[in-house]
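Containing PDB, C-alpha atoms: entry-v2.pdb.
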```pdb
ATOM      1  CA  MET K   1      26.899  -4.390  -5.774  1.00  0.00           C
ATOM      2  CA  ARG K   2      23.236  -3.694  -5.178  1.00  0.00           C
ATOM      3  CA  ASP K   3      20.671  -3.933  -7.935  1.00  0.00           C
ATOM      4  CA  LYS K   4      18.666  -0.815  -8.709  1.00  0.00           C
ATOM      5  CA  GLN K   5      15.132  -1.024  -7.427  1.00  0.00           C
ATOM      6  CA  GLN K   6      12.397  -0.242  -9.932  1.00  0.00           C
ATOM      7  CA  ILE K   7       9.612   1.939  -8.640  1.00  0.00           C
ATOM      8  CA  ASP K   8       6.692   2.778 -10.895  1.00  0.00           C
ATOM      9  CA  LEU K   9       4.169   5.469 -10.020  1.00  0.00           C
ATOM     10  CA  PHE K  10       0.627   5.177 -11.346  1.00  0.00           C
ATOM     11  CA  PHE K  11      -2.395   7.347 -10.725  1.00  0.00           C
ATOM     12  CA  GLY K  12      -5.997   6.209 -10.772  1.00  0.00           C
ATOM     13  CA  ASN K  13      -8.902   8.041 -12.313  1.00  0.00           C
ATOM     14  CA  ILE K  14      -9.413  11.415 -10.615  1.00  0.00           C
ATOM     15  CA  ILE K  15     -13.065  12.067  -9.744  1.00  0.00           C
ATOM     16  CA  GLN K  16     -14.424  15.385  -8.436  1.00  0.00           C
ATOM     17  CA  ASN K  17     -16.988  15.120  -5.643  1.00  0.00           C
ATOM     18  CA  SER K  18     -20.040  17.384  -5.417  1.00  0.00           C
ATOM     19  CA  ASP K  19     -18.320  19.359  -2.632  1.00  0.00           C
ATOM     20  CA  GLY K  20     -15.380  20.200  -4.910  1.00  0.00           C
ATOM     21  CA  THR K  21     -12.914  17.739  -3.389  1.00  0.00           C
ATOM     22  CA  PHE K  22     -11.209  15.048  -5.454  1.00  0.00           C
ATOM     23  CA  HIS K  23     -10.548  11.349  -4.986  1.00  0.00           C
ATOM     24  CA  GLU K  24      -9.046   8.530  -7.043  1.00  0.00           C
ATOM     25  CA  LYS K  25     -10.928   5.478  -8.268  1.00  0.00           C
ATOM     26  CA  GLY K  26      -9.452   2.151  -9.322  1.00  0.00           C
ATOM     27  CA  VAL K  27      -6.238   2.468  -7.327  1.00  0.00           C
ATOM     28  CA  ASP K  28      -6.888  -0.507  -5.035  1.00  0.00           C
ATOM     29  CA  LEU K  29      -7.686  -2.738  -8.010  1.00  0.00           C
ATOM     30  CA  LYS K  30      -4.452  -1.712  -9.774  1.00  0.00           C
ATOM     31  CA  ILE K  31      -2.382  -2.337  -6.627  1.00  0.00           C
ATOM     32  CA  GLY K  32      -3.986  -5.738  -6.053  1.00  0.00           C
ATOM     33  CA  LEU K  33      -3.548  -6.853  -9.664  1.00  0.00           C
ATOM     34  CA  ASP K  34       0.078  -5.704  -9.741  1.00  0.00           C
ATOM     35  CA  MET K  35       0.848  -7.469  -6.459  1.00  0.00           C
ATOM     36  CA  LEU K  36      -0.639 -10.739  -7.672  1.00  0.00           C
ATOM     37  CA  THR K  37       0.786 -10.596 -11.212  1.00  0.00           C
ATOM     38  CA  MET K  38       4.255  -9.837  -9.878  1.00  0.00           C
ATOM     39  CA  ALA K  39       3.956 -12.574  -7.231  1.00  0.00           C
ATOM     40  CA  GLN K  40       2.976 -15.161  -9.838  1.00  0.00           C
ATOM     41  CA  SER K  41       5.906 -14.188 -12.071  1.00  0.00           C
ATOM     42  CA  ASN K  42       8.302 -14.293  -9.078  1.00  0.00           C
ATOM     43  CA  GLN K  43       9.292 -10.613  -9.323  1.00  0.00           C
ATOM     44  CA  TYR K  44       9.541 -10.133  -5.552  1.00  0.00           C
ATOM     45  CA  ASP K  45       9.959 -12.026  -2.300  1.00  0.00           C
ATOM     46  CA  ILE K  46       8.338  -9.454  -0.047  1.00  0.00           C
ATOM     47  CA  ALA K  47       5.956  -6.625  -0.933  1.00  0.00           C
ATOM     48  CA  TYR K  48       5.466  -3.604   1.309  1.00  0.00           C
ATOM     49  CA  LEU K  49       1.806  -2.618   1.167  1.00  0.00           C
ATOM     50  CA  ILE K  50       1.468   1.009   2.246  1.00  0.00           C
ATOM     51  CA  SER K  51      -2.298   1.158   2.376  1.00  0.00           C
ATOM     52  CA  SER K  52      -5.045   0.452   4.898  1.00  0.00           C
ATOM     53  CA  ASP K  53      -7.643  -0.431   2.272  1.00  0.00           C
ATOM     54  CA  ASN K  54      -9.383  -3.682   3.214  1.00  0.00           C
ATOM     55  CA  ASP K  55     -10.384  -4.123  -0.439  1.00  0.00           C
ATOM     56  CA  LEU K  56      -6.818  -5.425  -0.886  1.00  0.00           C
ATOM     57  CA  LEU K  57      -7.371  -8.429   1.423  1.00  0.00           C
ATOM     58  CA  PRO K  58      -8.208 -10.901  -1.387  1.00  0.00           C
ATOM     59  CA  ALA K  59      -5.048  -9.926  -3.294  1.00  0.00           C
ATOM     60  CA  VAL K  60      -2.971 -10.207  -0.108  1.00  0.00           C
ATOM     61  CA  GLU K  61      -4.365 -13.686   0.566  1.00  0.00           C
ATOM     62  CA  GLN K  62      -3.592 -14.834  -2.986  1.00  0.00           C
ATOM     63  CA  CYS K  63      -0.052 -13.440  -2.868  1.00  0.00           C
ATOM     64  CA  ILE K  64       0.618 -15.217   0.420  1.00  0.00           C
ATOM     65  CA  ALA K  65      -0.778 -18.419  -1.124  1.00  0.00           C
ATOM     66  CA  THR K  66       1.954 -18.155  -3.796  1.00  0.00           C
ATOM     67  CA  GLY K  67       4.573 -18.111  -1.028  1.00  0.00           C
ATOM     68  CA  LYS K  68       5.239 -14.378  -0.987  1.00  0.00           C
ATOM     69  CA  GLU K  69       5.472 -12.264   2.140  1.00  0.00           C
ATOM     70  CA  ILE K  70       3.343  -9.160   2.425  1.00  0.00           C
ATOM     71  CA  CYS K  71       4.340  -6.487   4.944  1.00  0.00           C
ATOM     72  CA  TYR K  72       1.505  -4.159   5.882  1.00  0.00           C
ATOM     73  CA  VAL K  73       2.701  -0.596   6.553  1.00  0.00           C
ATOM     74  CA  GLY K  74       0.012   1.501   8.178  1.00  0.00           C
ATOM     75  CA  SER K  75      -0.740   4.147  10.771  1.00  0.00           C
ATOM     76  CA  SER K  76      -0.774   3.185  14.439  1.00  0.00           C
ATOM     77  CA  LEU K  77      -3.657   5.656  14.897  1.00  0.00           C
ATOM     78  CA  LYS K  78      -6.046   3.926  12.499  1.00  0.00           C
ATOM     79  CA  PRO K  79      -4.717   0.549  11.352  1.00  0.00           C
ATOM     80  CA  SER K  80      -6.574  -1.943   9.196  1.00  0.00           C
ATOM     81  CA  PHE K  81      -7.262  -4.867  11.520  1.00  0.00           C
ATOM     82  CA  GLY K  82      -7.949  -7.109   8.516  1.00  0.00           C
ATOM     83  CA  LEU K  83      -4.540  -6.384   6.982  1.00  0.00           C
ATOM     84  CA  LEU K  84      -2.866  -6.684  10.404  1.00  0.00           C
ATOM     85  CA  LYS K  85      -4.320 -10.181  10.715  1.00  0.00           C
ATOM     86  CA  LYS K  86      -3.673 -11.423   7.164  1.00  0.00           C
ATOM     87  CA  CYS K  87      -0.278  -9.930   6.276  1.00  0.00           C
ATOM     88  CA  SER K  88       2.816 -11.926   7.130  1.00  0.00           C
ATOM     89  CA  LYS K  89       4.605  -8.878   8.581  1.00  0.00           C
ATOM     90  CA  ARG K  90       3.484  -5.502   9.834  1.00  0.00           C
ATOM     91  CA  ILE K  91       4.902  -2.048  10.517  1.00  0.00           C
ATOM     92  CA  LEU K  92       2.735   0.518  12.278  1.00  0.00           C
ATOM     93  CA  LEU K  93       4.047   4.040  11.909  1.00  0.00           C
ATOM     94  CA  GLN K  94       3.685   6.613  14.641  1.00  0.00           C
ATOM     95  CA  LYS K  95       3.694  10.381  14.232  1.00  0.00           C
ATOM     96  CA  LYS K  96       7.325  10.567  15.411  1.00  0.00           C
ATOM     97  CA  ASP K  97       8.309   8.235  12.554  1.00  0.00           C
ATOM     98  CA  VAL K  98       7.077  10.600   9.844  1.00  0.00           C
ATOM     99  CA  GLU K  99       7.018  14.118  11.293  1.00  0.00           C
ATOM    100  CA  GLN K 100      10.602  14.821  10.193  1.00  0.00           C
ATOM    101  CA  TYR K 101       9.397  14.451   6.585  1.00  0.00           C
ATOM    102  CA  MET K 102       6.408  16.749   7.006  1.00  0.00           C
ATOM    103  CA  PRO K 103       6.610  20.446   6.063  1.00  0.00           C
ATOM    104  CA  LEU K 104       6.958  22.886   8.952  1.00  0.00           C
ATOM    105  CA  GLN K 105       4.153  25.013   7.523  1.00  0.00           C
ATOM    106  CA  LEU K 106       1.329  23.917   5.325  1.00  0.00           C
ATOM    107  CA  PRO K 107       1.071  25.835   2.041  1.00  0.00           C
ATOM    108  CA  LEU K 108      -1.796  28.336   1.891  1.00  0.00           C
TER     109      LEU K 108
END
```

Using structure tokens, write down the structure from this file.
Amino acid sequence: MRDKQQIDLFFGNIIQNSDGTFHEKGVDLKIGLDMLTMAQSNQYDIAYLISSDNDLLPAVEQCIATGKEICYVGSSLKPSFGLLKKCSKRILLQKKDVEQYMPLQLPL
């Protein structure tokens, strides 16, 4: 019997740019802190980091120092070379890997 996997979804602070677009702040810090806190309390053996943000490198290094594996999941078109080098495993996604999950038409 498989255990249920717990997935929590958190959003950062939404900031509006002067051009009207939005972006989140504080997300990389939250991810890094969660990864390290959970590593130190032995809540996982391997974490899948689906981000190409090099700001996460210090957290990745600390998690690996605790004996945890970190698998970097990124785009083959624009990977993070820092995360490729530091993470213990890596998966680079290509367009063909994700296009079946993309909508056929973008909403207007």

Could you name the residues that touch Gly67 (chain K) at 10 Å or less, counting only C-alpha atoms, but leaving out those on the same chain fewer than 2 positions away, as a PDB file with C-alpha atoms, in the coordinates of the input?
```pdb
ATOM      1  CA  ALA K  39       3.956 -12.574  -7.231  1.00  0.00           C
ATOM      2  CA  GLN K  40       2.976 -15.161  -9.838  1.00  0.00           C
ATOM      3  CA  ASN K  42       8.302 -14.293  -9.078  1.00  0.00           C
ATOM      4  CA  ASP K  45       9.959 -12.026  -2.300  1.00  0.00           C
ATOM      5  CA  ILE K  46       8.338  -9.454  -0.047  1.00  0.00           C
ATOM      6  CA  GLN K  62      -3.592 -14.834  -2.986  1.00  0.00           C
ATOM      7  CA  CYS K  63      -0.052 -13.440  -2.868  1.00  0.00           C
ATOM      8  CA  ILE K  64       0.618 -15.217   0.420  1.00  0.00           C
ATOM      9  CA  ALA K  65      -0.778 -18.419  -1.124  1.00  0.00           C
ATOM     10  CA  GLU K  69       5.472 -12.264   2.140  1.00  0.00           C
ATOM     11  CA  ILE K  70       3.343  -9.160   2.425  1.00  0.00           C
TER      12      ILE K  70
END
```

Test item: the PyMOL selection byres ((chain K and resi 59) around 12) resolved as a ChimeraX atom specification: /K:28-40,47,49,53-58,60-66,68,70,83,86-87

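For the pair CA of Val98 (chain K) and CA of Lys85 (chain K), the separation is 23.7 Å.
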
How would you write, as a ChimeraX atom specification, the residues chosen by the PyMOL selection byres ((chain K and resi 78) around 12) on this structure? /K:51-53,73-77,79-84,92-95

Assuming 6 Å of padding per side, give the centre and edge lengths of the axis-aligned box around every listed atom of region 42-53 of chain K, in Å to one decimal and as JSON.
```
{"center_x": 1.2, "center_y": -6.6, "center_z": -2.2, "size_x": 29.6, "size_y": 27.5, "size_z": 26.2}
```

Quick check, in Å to one decimal: how far apart do CA of Tyr48 (chain K) and CA of Ser88 (chain K) lie?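 Atom-to-atom, CA of Tyr48 (chain K) and CA of Ser88 (chain K) are spaced 10.5 Å apart.
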
I'd like the interatomic distance between CA of Gln16 (chain K) and CA of Ile50 (chain K), to a tenth of an Å.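 According to the coordinates, CA of Gln16 (chain K) and CA of Ile50 (chain K) are separated by 23.9 Å.
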
Set the distance at 9 Å and use all atoms listed in the file: which residues neighbour Phe11 (chain K) once local chain neighbours fewer than 6 positions away are removed? I'd like the list as an MDAnalysis selection string. chainID K and resid 24 26:27
